[in-house]
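**Q** The structure that follows is given in the form of structure tokens.
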Amino acid sequence: SENGTRCVLSSSSEFPEGFFTPQERKDGGIVIYFIIILYMFLAVSIVCDDYFLPSLEIISECLGLSQDVAGATFMAAGSSAPELVTAFLGAFVTKGDIGVSTILGSAIYNLLGISAACGLFSSVVSRLSCWPLFRDCLAYTISAAAVLAMISDNRIYWYESASLLLIYGCYILVLCFDIKINQYLMKKFSPCCTCFTKAMEENAEQQPLVGWRDESGPLIRQQSRTDSGIFQDELDYSQLSTSLHGLDEISEDHPNVFTMPEADMKRILWVLSLPIITLLYLTIPDCRRQFWRNWFMVTFLISAAWISAITYVLVWMITIAGETLGIPESVMGLTLLAAGTSVPDTVASVLVARKGNGDMAMSNIVGSNVFDMLCLGIPWFIKTAFINTSGPIEVNSSGLTYTAISLICSVVFIFLAVHLNGWKIDKKLGTICLVLYLVFTVLSILYELGIIGNNPTRVCGN
């Protein structure tokens with residue numbers, strides 16, 4: 001610090017140097033960066049749509065997961081793989097605060113920005129359930145409060161990082177007994193939850209799970225949403241599937257990825273994306289095809305690794321492009337970089353929301369934030385408990401108070417917005433979330449630039 005001004009490292013210092021000099025980028029080379037950025041967006045959507053989500057569907061079917069539990073666990077873990085990689089880089093490689101700043105900085109975008117995208121880009125109105133959203137919001141609030149309390153003294157001890165792992169373990173335990181907890185709460189608070197129960201019954205009637213037999217009609221309404229959970233009872237159904245890609249008949253083999261689409265616009269995109277399609281086809285088993293169906297866990301893990309690699313390149317290109325255009329570091333961190341690191345969450349949530357799986361989309365949005373807190377806890381615990389046991393990890397907690405207020409307010413606002421919107425995802429909710437996100441972002445930028453509050457910052461060396 002100099003004269004009360006906080007010095008922060010440039011975002012580009014966390015990445016390799018670009019393949020153009022600053023002058024070459026200003027002379028037109030930046031166009032190449034934007035082309036790569038667009039191509040990385042296309043690559044993420046292909047990985048999510050063709051490999052990641054189909055593997056998640058089969059995992060959900062095998063474990064008997066409901067939409068919201070699958071979204072809060074496997075989907076959140078896979079789409080948040082870039083944050084986990086970033087947290088390890090921050091703890092073991094760069095020795096900086098990149099993990100804390102990336103995860104906490106993108107938290108508001110994850111909640112409000114992705115919710116806005118799901119509402120605005122989905123042509124289907126998806127019904128939401130009360131318990132999954134309340135459960136995930138409560139877990140995220142507790143996790144965020146724990147992280148903020150830990151870094152308030154600028155030091156992380158082994159027992160503090162272990163408490164983060166304990167919190168996430170309790171969250172998984174709640175998901176395991178989600179059926180019984182949900183039933184108990186609905187019975188206990190039935191007078192004030194009648195609207196939620198009605199919404200769930202409508203959701204069950206409009207979106208029955210694939211594989212349920214028609215003659216078990218009354219059972220669908222009783223067990224489809226209110227009994228979500230990992231340990232399902234033996235009910236009268238042939239198979240449990242979240243039906244993300246319409247795999248109604250397992251015996252029918254999925255069309256080859258090299259099948260050219262019929263629509264002209266899709267053909268153009270298919271030709272442009274052929275290199276990435278070929279690369280993914282050679283490296284990831286397509287579990288939608290009968291031959292590779294039992295390899296779904298391999299598909300899930302490799303697709304998550306590809307998502308991490310693509311996101312790294314995407315954020316790298318965005319960082320250099322922002323630096324070339326002269327966008328301030330604080331603005332980059334709160335907007336472009338936050339959105340860049342959350343591209344997998346955005347793509348996956350929008351894809352499932354467009355198929356009417358609202359609970360899975362919202363549970364992925366909030367559940368991925370809960371997993372992000374675990375992303376901080378794992379590298380911190382490994383470093384303090386096994387590698388550097390002599391002392392705590394030093395972190396920078398400047399601006400922590402405003403971050404805490406923003407995180408808590410964003411959770412409260414998203415819950416109230418869903419409630420006031422009648423527990424459904426539509427364009428109205430998308431607009432509300434977009435407005436809230438813009439308000440939070442503008443206030444955060446003004447705070448980071450020192451225009452409001454007392455937190456002036458500058459890039460080190462400038």
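By convention in this document, the chains of the structure tokens carry letters A, B, ... by their order, each chain's residues are numbered from 1, and ligands are numbered from 1 in the order they are shown.
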Fewer than 2 positions away in the same chain doesn't count, so skip those; otherwise give me all residues within 8 Å of range 410-422 of chain A, counting only C-alpha atoms, as a list in words.
**A**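 The contact residues come out as Ile108, Leu111, Leu112, Leu133, Phe134, Cys137, Thr141, Ser406, Leu407, Ile408, Lys424, Ile425, Lys428, Leu429, Ile432 and Cys433 of chain A.
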**Q** What is the distance, in Å and to one decimal place, between CA of Gly71 in chain A and CA of Arg354 in chain A?
**A** 14.7 Å
